[in-house]
$ cat model08.txt   # compact mmCIF, C-alpha atoms
# COMPACT_ATOMS: atom_id res chain seq x y z
CA MET A 65 34.61 11.11 -11.81
CA MET A 66 32.06 8.32 -12.25
CA LEU A 67 34.78 5.74 -11.78
CA MET A 68 36.01 7.40 -8.61
CA LEU A 69 32.48 7.41 -7.26
CA LEU A 70 32.21 3.71 -7.91
CA ALA A 71 35.64 2.88 -6.52
CA THR A 72 35.07 4.70 -3.28
CA SER A 73 33.28 2.76 -0.57
CA TRP A 74 30.01 4.34 0.44
CA GLN A 75 30.19 2.85 3.88
CA PRO A 76 31.51 6.02 5.63
CA LEU A 77 28.64 7.95 4.10
CA PHE A 78 26.12 5.43 5.41
CA GLN A 79 27.79 5.54 8.83
CA TRP A 80 27.37 9.30 8.77
CA PHE A 81 23.69 8.87 7.84
CA GLU A 82 23.20 6.51 10.76
CA ALA A 83 24.82 9.02 13.14
CA THR A 84 22.60 11.94 12.10
CA THR A 85 20.34 13.44 14.76
CA ILE A 86 17.14 12.26 13.06
CA GLY A 87 18.55 8.76 12.60
CA THR A 88 19.53 8.60 16.25
CA ILE A 89 16.18 9.91 17.51
CA VAL A 90 14.20 7.40 15.43
CA ARG A 91 16.53 4.52 16.37
CA GLU A 92 16.38 5.24 20.09
CA SER A 93 12.65 5.69 20.21
CA LEU A 94 10.45 2.66 20.83
CA TRP A 95 7.40 3.96 18.96
CA LEU A 96 8.72 6.44 16.38
CA PHE A 97 9.81 3.86 13.79
CA PRO A 98 6.51 1.90 13.84
CA VAL A 99 4.48 5.13 13.64
CA ILE A 100 6.50 6.44 10.68
CA GLU A 101 6.22 3.00 9.10
CA CYS A 102 2.41 3.14 9.35
CA VAL A 103 2.29 6.52 7.60
CA HIS A 104 4.69 5.12 4.97
CA LEU A 105 2.30 2.21 4.33
CA LEU A 106 -0.78 4.43 4.13
CA ALA A 107 1.02 6.68 1.66
CA LEU A 108 1.94 3.55 -0.31
CA ALA A 109 -1.72 2.56 -0.58
CA LEU A 110 -2.63 6.02 -1.84
CA LEU A 111 0.30 6.03 -4.25
CA GLY A 112 -0.80 2.63 -5.50
CA GLY A 113 -4.35 3.89 -6.01
CA ALA A 114 -3.24 7.02 -7.88
CA VAL A 115 -0.88 5.03 -10.12
CA LEU A 116 -3.36 2.20 -10.77
CA VAL A 117 -6.40 4.33 -11.64
CA LEU A 118 -4.49 5.79 -14.58
CA ASP A 119 -2.49 2.68 -15.54
CA LEU A 120 -5.57 0.47 -15.48
CA ARG A 121 -7.35 3.03 -17.65
CA LEU A 122 -4.45 2.95 -20.11
CA LEU A 123 -4.77 -0.85 -20.15
CA GLY A 124 -8.50 -0.63 -20.81
CA PHE A 125 -9.84 -1.31 -17.30
CA GLY A 126 -11.60 0.80 -14.70
CA LEU A 127 -12.74 4.31 -15.58
CA THR A 128 -12.77 3.68 -19.33
CA ALA A 129 -15.50 6.28 -19.98
CA GLN A 130 -13.17 9.06 -18.79
CA PRO A 131 -10.67 10.76 -21.10
CA VAL A 132 -7.14 9.64 -20.25
CA ALA A 133 -5.74 13.16 -20.04
CA SER A 134 -8.35 14.36 -17.55
CA LEU A 135 -7.86 11.24 -15.41
CA ALA A 136 -4.11 11.84 -15.45
CA ARG A 137 -4.64 15.43 -14.31
CA ARG A 138 -6.99 14.36 -11.52
CA MET A 139 -4.62 11.68 -10.23
CA GLU A 140 -1.45 13.75 -10.31
CA PRO A 141 -1.95 15.71 -7.05
CA TRP A 142 -2.62 12.45 -5.15
CA LEU A 143 0.35 10.79 -6.80
CA ILE A 144 2.68 13.66 -5.95
CA GLY A 145 1.27 14.02 -2.41
CA ALA A 146 1.64 10.29 -1.74
CA LEU A 147 5.13 10.22 -3.24
CA ILE A 148 6.28 13.14 -1.08
CA THR A 149 4.80 11.49 2.01
CA SER A 150 6.45 8.16 1.17
CA ILE A 151 9.84 9.73 0.67
CA GLY A 152 9.40 12.03 3.69
CA THR A 153 8.69 9.03 5.92
CA GLY A 154 11.17 6.75 4.16
CA ILE A 155 14.15 9.03 4.83
CA PRO A 156 13.96 9.00 8.67
CA MET A 157 13.46 5.23 8.61
CA PHE A 158 16.49 4.85 6.37
CA LEU A 159 18.60 7.16 8.55
CA SER A 160 17.72 5.12 11.64
CA GLU A 161 19.16 1.95 10.10
CA ALA A 162 21.46 3.20 7.35
CA ILE A 163 24.20 0.64 8.02
CA LYS A 164 21.71 -2.24 7.87
CA CYS A 165 20.49 -0.79 4.54
CA TYR A 166 24.08 -0.58 3.29
CA PHE A 167 24.29 -4.36 3.53
CA SER A 168 20.80 -4.96 2.15
CA PRO A 169 20.51 -5.82 -1.57
CA PRO A 170 16.72 -5.18 -1.56
CA PHE A 171 17.39 -1.63 -0.31
CA PHE A 172 19.65 -0.74 -3.26
CA PHE A 173 17.26 -2.46 -5.63
CA LYS A 174 14.34 -0.49 -4.19
CA ILE A 175 16.09 2.89 -4.41
CA SER A 176 17.26 2.23 -7.97
CA VAL A 177 13.79 1.19 -9.12
CA LEU A 178 12.25 4.13 -7.23
CA VAL A 179 14.44 6.58 -9.14
CA ILE A 180 13.63 4.90 -12.45
CA ALA A 181 9.89 4.74 -11.64
CA THR A 182 9.77 8.42 -10.67
CA ILE A 183 11.62 9.55 -13.80
CA PHE A 184 9.52 7.26 -16.00
CA THR A 185 6.26 8.53 -14.43
CA PHE A 186 7.02 12.20 -14.91
CA THR A 187 8.50 11.90 -18.40
CA VAL A 188 7.31 9.02 -20.61
CA ARG A 189 4.08 8.18 -18.77
CA ARG A 190 3.05 11.80 -18.39
CA ARG A 191 3.61 12.46 -22.09
CA VAL A 192 1.72 9.33 -23.13
CA ALA A 193 -1.21 10.19 -20.82
CA SER A 194 -1.48 13.79 -21.98
CA ALA A 195 -1.21 13.01 -25.70
CA GLU A 196 -4.29 13.44 -27.85
CA PRO A 197 -6.27 10.17 -28.13
CA GLY A 198 -5.10 8.07 -31.06
CA ARG A 199 -1.79 9.86 -31.52
CA ILE A 200 0.17 7.15 -29.76
CA ALA A 201 -0.21 3.53 -30.83
CA GLN A 202 -2.43 1.46 -28.52
CA GLY A 203 0.33 -1.06 -27.96
CA LEU A 204 2.73 1.63 -26.83
CA VAL A 205 0.13 3.08 -24.43
CA ARG A 206 -0.41 -0.33 -22.89
CA LEU A 207 3.29 -0.98 -22.67
CA THR A 208 3.73 2.32 -20.80
CA ALA A 209 1.06 1.31 -18.27
CA ALA A 210 2.55 -2.16 -17.85
CA VAL A 211 6.04 -0.73 -17.28
CA SER A 212 4.67 1.77 -14.77
CA ILE A 213 2.81 -0.90 -12.78
CA THR A 214 5.83 -3.20 -12.84
CA LEU A 215 8.19 -0.46 -11.66
CA TRP A 216 5.98 0.77 -8.79
CA PHE A 217 5.12 -2.75 -7.69
CA GLY A 218 8.84 -3.51 -7.78
CA VAL A 219 9.52 -0.60 -5.45
CA SER A 220 6.96 -1.69 -2.84
CA PHE A 221 7.82 -5.38 -3.21
CA ALA A 222 11.53 -4.75 -2.67
CA GLY A 223 10.72 -2.41 0.20
CA ARG A 224 9.12 -5.20 2.17
CA TRP A 225 12.19 -7.38 1.58
CA ILE A 226 14.53 -4.93 3.32
CA ALA A 227 13.16 -6.41 6.53
CA PHE A 228 14.21 -9.92 5.48
CA TYR A 229 17.55 -9.47 3.73
CA MET B 266 -17.06 -22.32 22.59
CA ASP B 267 -13.33 -22.25 23.09
CA ILE B 268 -11.28 -21.79 19.96
CA LEU B 269 -7.85 -21.90 21.59
CA PRO B 270 -7.44 -25.69 21.15
CA PHE B 271 -8.27 -25.28 17.48
CA ILE B 272 -5.68 -22.49 17.15
CA GLN B 273 -3.12 -24.72 18.87
CA TRP B 274 -3.92 -27.60 16.56
CA LEU B 275 -3.64 -25.26 13.56
CA GLU B 276 -0.23 -24.08 14.75
CA GLY B 277 1.01 -27.66 14.78
CA THR B 278 -0.10 -28.61 11.25
CA PRO B 279 2.72 -29.23 8.72
CA GLY B 280 1.53 -26.40 6.44
CA SER B 281 1.81 -23.84 9.20
CA LEU B 282 5.26 -25.08 10.08
CA PHE B 283 6.29 -24.96 6.42
CA ILE B 284 5.35 -21.29 5.94
CA ARG B 285 6.75 -20.27 9.32
CA GLU B 286 10.15 -21.77 8.63
CA SER B 287 10.47 -21.08 4.92
CA THR B 288 13.06 -18.50 3.93
CA LEU B 289 11.39 -17.59 0.66
CA PHE B 290 7.69 -18.43 0.87
CA TYR B 291 6.99 -16.35 3.97
CA PRO B 292 8.52 -13.10 2.63
CA LEU B 293 6.74 -13.77 -0.67
CA VAL B 294 3.35 -14.05 1.03
CA GLU B 295 4.12 -11.03 3.18
CA SER B 296 5.04 -8.84 0.20
CA THR B 297 1.99 -10.02 -1.74
CA HIS B 298 -0.09 -8.93 1.24
CA VAL B 299 1.53 -5.47 1.15
CA LEU B 300 1.23 -5.22 -2.63
CA SER B 301 -2.45 -6.09 -2.67
CA LEU B 302 -2.81 -3.15 -0.30
CA CYS B 303 -2.17 -0.87 -3.29
CA LEU B 304 -4.70 -2.61 -5.50
CA PHE B 305 -7.38 -2.94 -2.87
CA LEU B 306 -6.98 -0.04 -0.48
CA GLY B 307 -5.64 2.33 -3.13
CA LEU B 308 -8.75 1.92 -5.26
CA ILE B 309 -11.10 1.92 -2.25
CA ALA B 310 -9.43 5.15 -1.10
CA MET B 311 -10.12 6.73 -4.50
CA LEU B 312 -13.82 5.82 -4.19
CA ASP B 313 -13.86 7.14 -0.60
CA LEU B 314 -12.20 10.40 -1.67
CA ARG B 315 -14.87 10.72 -4.38
CA LEU B 316 -17.58 10.21 -1.73
CA VAL B 317 -15.97 12.82 0.51
CA GLY B 318 -15.92 15.19 -2.46
CA VAL B 319 -12.18 15.74 -2.85
CA GLY B 320 -11.14 13.22 -5.51
CA LEU B 321 -12.39 12.43 -9.05
CA ARG B 322 -14.98 15.18 -8.58
CA GLY B 323 -16.11 15.34 -12.21
CA VAL B 324 -16.73 11.59 -12.47
CA PRO B 325 -20.19 10.24 -11.50
CA VAL B 326 -20.10 8.34 -8.19
CA SER B 327 -21.83 5.29 -9.67
CA GLU B 328 -19.18 5.16 -12.39
CA VAL B 329 -16.32 5.28 -9.85
CA ALA B 330 -18.00 2.61 -7.72
CA GLY B 331 -19.11 0.45 -10.64
CA ARG B 332 -15.79 0.54 -12.46
CA LEU B 333 -13.29 0.52 -9.59
CA LEU B 334 -14.95 -1.81 -7.07
CA PRO B 335 -14.66 -4.97 -9.24
CA LEU B 336 -10.92 -4.29 -9.57
CA ALA B 337 -10.65 -3.57 -5.85
CA PHE B 338 -12.31 -6.93 -5.15
CA VAL B 339 -9.48 -8.66 -7.03
CA GLY B 340 -7.11 -6.87 -4.65
CA PHE B 341 -9.27 -7.93 -1.73
CA ALA B 342 -9.13 -11.57 -2.79
CA LEU B 343 -5.32 -11.43 -3.01
CA MET B 344 -5.18 -9.67 0.32
CA ALA B 345 -7.51 -12.15 2.03
CA ILE B 346 -5.67 -15.20 0.67
CA SER B 347 -2.22 -13.86 1.61
CA GLY B 348 -3.61 -12.66 4.95
CA LEU B 349 -5.05 -16.08 5.74
CA LEU B 350 -1.71 -17.70 4.87
CA LEU B 351 0.09 -15.23 7.15
CA PHE B 352 -2.33 -16.03 9.94
CA TYR B 353 -1.89 -19.73 9.27
CA SER B 354 1.89 -19.37 9.57
CA GLY B 355 1.60 -18.36 13.21
CA PRO B 356 -1.99 -18.57 14.42
CA LEU B 357 -1.17 -18.70 18.12
CA LYS B 358 0.98 -15.58 18.02
CA ALA B 359 -1.66 -13.70 16.02
CA PHE B 360 -4.57 -14.91 18.11
CA GLN B 361 -2.95 -13.64 21.29
CA ASN B 362 -1.93 -10.30 19.80
CA ILE B 363 -4.13 -7.36 20.74
CA PHE B 364 -3.45 -5.58 17.44
CA PHE B 365 -4.61 -8.64 15.51
CA ARG B 366 -7.87 -8.73 17.45
CA VAL B 367 -8.49 -5.01 16.98
CA LYS B 368 -7.65 -5.42 13.28
CA MET B 369 -10.27 -8.17 12.86
CA LEU B 370 -12.83 -6.00 14.64
CA LEU B 371 -12.01 -3.04 12.40
CA ILE B 372 -12.33 -5.20 9.25
CA ALA B 373 -15.80 -6.26 10.44
CA LEU B 374 -16.67 -2.58 10.96
CA THR B 375 -15.49 -1.65 7.44
CA GLY B 376 -17.82 -4.34 6.11
CA LEU B 377 -20.70 -2.99 8.17
CA ASN B 378 -19.98 0.55 6.99
CA ALA B 379 -19.93 -0.56 3.35
CA LEU B 380 -23.19 -2.54 3.72
CA LEU B 381 -24.94 0.37 5.41
CA PHE B 382 -23.77 2.70 2.67
CA HIS B 383 -24.91 0.41 -0.12
CA PHE B 384 -28.35 -0.30 1.31
CA THR B 385 -29.17 3.26 2.33
CA ILE B 386 -27.80 6.37 0.64
CA TYR B 387 -26.30 4.55 -2.35
CA ARG B 388 -29.76 3.29 -3.34
CA ARG B 389 -30.64 6.87 -4.17
CA VAL B 390 -27.31 7.54 -5.93
CA ALA B 391 -29.12 8.60 -9.12
CA SER B 392 -30.22 11.79 -7.38
CA TRP B 393 -26.68 12.82 -6.34
CA ASP B 394 -24.51 10.90 -8.83
CA GLN B 395 -23.10 14.02 -10.50
CA ASP B 396 -22.69 16.13 -7.32
CA ALA B 397 -19.08 17.19 -6.86
CA SER B 398 -19.87 17.26 -3.15
CA PRO B 399 -22.11 14.29 -2.24
CA PRO B 400 -24.69 14.36 0.61
CA ALA B 401 -23.50 14.24 4.22
CA ARG B 402 -24.43 10.57 4.67
CA ALA B 403 -22.26 9.56 1.73
CA LYS B 404 -19.39 11.75 2.95
CA LEU B 405 -19.63 10.13 6.37
CA ALA B 406 -19.41 6.66 4.81
CA GLY B 407 -16.32 7.76 2.87
CA VAL B 408 -14.61 9.27 5.91
CA LEU B 409 -15.45 6.23 8.06
CA SER B 410 -14.07 3.89 5.41
CA LEU B 411 -10.83 5.88 5.19
CA ILE B 412 -10.42 5.94 8.98
CA LEU B 413 -11.34 2.29 9.52
CA TRP B 414 -9.11 0.96 6.73
CA SER B 415 -6.23 3.13 7.95
CA GLY B 416 -6.79 1.57 11.35
CA VAL B 417 -6.64 -1.89 9.77
CA VAL B 418 -3.29 -1.09 8.12
CA ILE B 419 -1.89 0.43 11.31
CA CYS B 420 -2.95 -2.55 13.44
CA GLY B 421 -1.55 -4.93 10.84
CA ARG B 422 1.81 -3.23 10.94
CA MET B 423 1.82 -2.91 14.73
CA GLN B 424 1.13 -6.62 15.05
CA ALA B 425 4.81 -7.20 14.29
CA TYR B 426 5.85 -5.18 17.33
CA ASN B 427 5.04 -7.19 20.42
CA TRP B 428 4.50 -4.22 22.71
CA PHE B 429 1.95 -5.80 25.00
CA LYS B 430 3.49 -9.19 25.37
$ encode --input "model08.txt" --output "structure tokens"
Amino acid sequence: MMLMLLATSWQPLFQWFEATTIGTIVRESLWLFPVIECVHLLALALLGGAVLVLDLRLLGFGLTAQPVASLARRMEPWLIGALITSIGTGIPMFLSEAIKCYFSPPFFFKISVLVIATIFTFTVRRRVASAEPGRIAQGLVRLTAAVSITLWFGVSFAGRWIAFY
Amino acid sequence: MDILPFIQWLEGTPGSLFIRESTLFYPLVESTHVLSLCLFLGLIAMLDLRLVGVGLRGVPVSEVAGRLLPLAFVGFALMAISGLLLFYSGPLKAFQNIFFRVKMLLIALTGLNALLFHFTIYRRVASWDQDASPPARAKLAGVLSLILWSGVVICGRMQAYNWFK
């Protein structure tokens, strides 16, 4: 099954994406893409803030007087809200230029890292942040934060490169 | 004073030409600019949301400001340096772009808003530090900051689309 999935070209699928109604509407509009893009960027800033407040705390910077678990709880709604907004605005942009994305290495890199970052955030990072203080080795806590920052920065960095390659 | 000749001279300097025509350096500067958005605006947004009374409600305002602002300034430095380099790569195009001019005006207004906040209501922060819902003046500063910085991001993005050329 996996092999078949790999052997089959995804190009027809991406052509279908490009031909969807939403893709067509966004592509044919002069202002829709830039407007969606602006919301995407604003959501990115918020996502960055929500991720960094907790990761910096895990690294020993920022709101160090606050318990990690409570900070994690406070940041989660913003993180989830920003993530939903990013994906909700990212999809119509992708649909409008799916074929361009098909030929763009940064696009595939971005989506792969996005999936990894999301899974990592809601499994490993969440568990580390909600653990009782001292139960997880300091080095491991810091490593988790560093991986999280690297992954999310990778997503936004690669995102900008879709425009270039 | 006419600054157009200076802008024209700037446009012709070898450094400007180098960034403008580089295949790697320009995207690198551009993505750094976008990434610093997370560090700077993301953290500023968290402070603003605290001022509005919707984020980090249990954390004292002075703690959020005191602990997050220094980190946000690192983001600001990255943003300003990459922004200056981007401007330097095509000063004439930026100078004549309406979105660029509005963006510069909005940045000045964010500075004014922050100064006003710091020298008025924030001086008395001790009396409302713990309030989950800060006084109206502080809320206003938070809302204004969120709106103005969003405007900065939007103008920055729109600058790439030469709608009023």
$ interface_residues --input "model08.txt" --of "chain A" --to "chain B" --cutoff "8 Å" --atoms "only C-alpha atoms" --output "list in words"
Pro98, Glu101, Cys102, Leu105, Leu106, Leu108, Ala109, Leu110, Leu111, Gly112, Gly113, Ala114, Leu116, Val117, Phe125, Gly126, Leu127, Gln130, Leu135, Arg138, Met139, Phe217, Ser220, Phe221, Arg224, Trp225 and Phe228 of chain A
$ write_last_selection --input "model08.txt" --atoms "C-alpha atoms" --output "CSV table (one decimal), in the coordinates of the input"
chain,number,residue,atom,x,y,z
A,98,PRO,CA,6.5,1.9,13.8
A,101,GLU,CA,6.2,3.0,9.1
A,102,CYS,CA,2.4,3.1,9.4
A,105,LEU,CA,2.3,2.2,4.3
A,106,LEU,CA,-0.8,4.4,4.1
A,108,LEU,CA,1.9,3.6,-0.3
A,109,ALA,CA,-1.7,2.6,-0.6
A,110,LEU,CA,-2.6,6.0,-1.8
A,111,LEU,CA,0.3,6.0,-4.2
A,112,GLY,CA,-0.8,2.6,-5.5
A,113,GLY,CA,-4.4,3.9,-6.0
A,114,ALA,CA,-3.2,7.0,-7.9
A,116,LEU,CA,-3.4,2.2,-10.8
A,117,VAL,CA,-6.4,4.3,-11.6
A,125,PHE,CA,-9.8,-1.3,-17.3
A,126,GLY,CA,-11.6,0.8,-14.7
A,127,LEU,CA,-12.7,4.3,-15.6
A,130,GLN,CA,-13.2,9.1,-18.8
A,135,LEU,CA,-7.9,11.2,-15.4
A,138,ARG,CA,-7.0,14.4,-11.5
A,139,MET,CA,-4.6,11.7,-10.2
A,217,PHE,CA,5.1,-2.8,-7.7
A,220,SER,CA,7.0,-1.7,-2.8
A,221,PHE,CA,7.8,-5.4,-3.2
A,224,ARG,CA,9.1,-5.2,2.2
A,225,TRP,CA,12.2,-7.4,1.6
A,228,PHE,CA,14.2,-9.9,5.5
$ residues_around --input "model08.txt" --residues "B:Ile386" --least-positions-apart "5" --cutoff "9 Å" --atoms "only C-alpha atoms" --output "VMD selection string"
chain B and resid 381 400 402 to 403
$ atom_distance --input "model08.txt" --atom1 "atom CA of A:Val90" --atom2 "atom CA of A:Gln75"
20.2 Å
$ residues_around --input "model08.txt" --residues "A:Thr84" --least-positions-apart "2" --cutoff "12 Å" --atoms "only C-alpha atoms" --output "mmCIF file with C-alpha atoms, in the coordinates of the input"
data_model
loop_
_atom_site.group_PDB
_atom_site.id
_atom_site.type_symbol
_atom_site.label_atom_id
_atom_site.label_comp_id
_atom_site.auth_asym_id
_atom_site.auth_seq_id
_atom_site.Cartn_x
_atom_site.Cartn_y
_atom_site.Cartn_z
ATOM 1 C CA LEU A 77 28.640 7.950 4.100
ATOM 2 C CA PHE A 78 26.120 5.430 5.410
ATOM 3 C CA GLN A 79 27.790 5.540 8.830
ATOM 4 C CA TRP A 80 27.370 9.300 8.770
ATOM 5 C CA PHE A 81 23.690 8.870 7.840
ATOM 6 C CA GLU A 82 23.200 6.510 10.760
ATOM 7 C CA ILE A 86 17.140 12.260 13.060
ATOM 8 C CA GLY A 87 18.550 8.760 12.600
ATOM 9 C CA THR A 88 19.530 8.600 16.250
ATOM 10 C CA ILE A 89 16.180 9.910 17.510
ATOM 11 C CA VAL A 90 14.200 7.400 15.430
ATOM 12 C CA ARG A 91 16.530 4.520 16.370
ATOM 13 C CA ILE A 155 14.150 9.030 4.830
ATOM 14 C CA PRO A 156 13.960 9.000 8.670
ATOM 15 C CA MET A 157 13.460 5.230 8.610
ATOM 16 C CA PHE A 158 16.490 4.850 6.370
ATOM 17 C CA LEU A 159 18.600 7.160 8.550
ATOM 18 C CA SER A 160 17.720 5.120 11.640
ATOM 19 C CA GLU A 161 19.160 1.950 10.100
ATOM 20 C CA ALA A 162 21.460 3.200 7.350
#
$ residues_around --input "model08.txt" --residues "B:Ile268" --least-positions-apart "3" --cutoff "12 Å" --atoms "all atoms listed in the file" --output "number ranges by chain"
B: 271-275, 356-357, 360-361
$ closest_residue --input "model08.txt" --among "B:Ser327, B:His383, B:Leu405, B:Phe352" --to "B:Arg366" --atoms "only C-alpha atoms"
B:Phe352
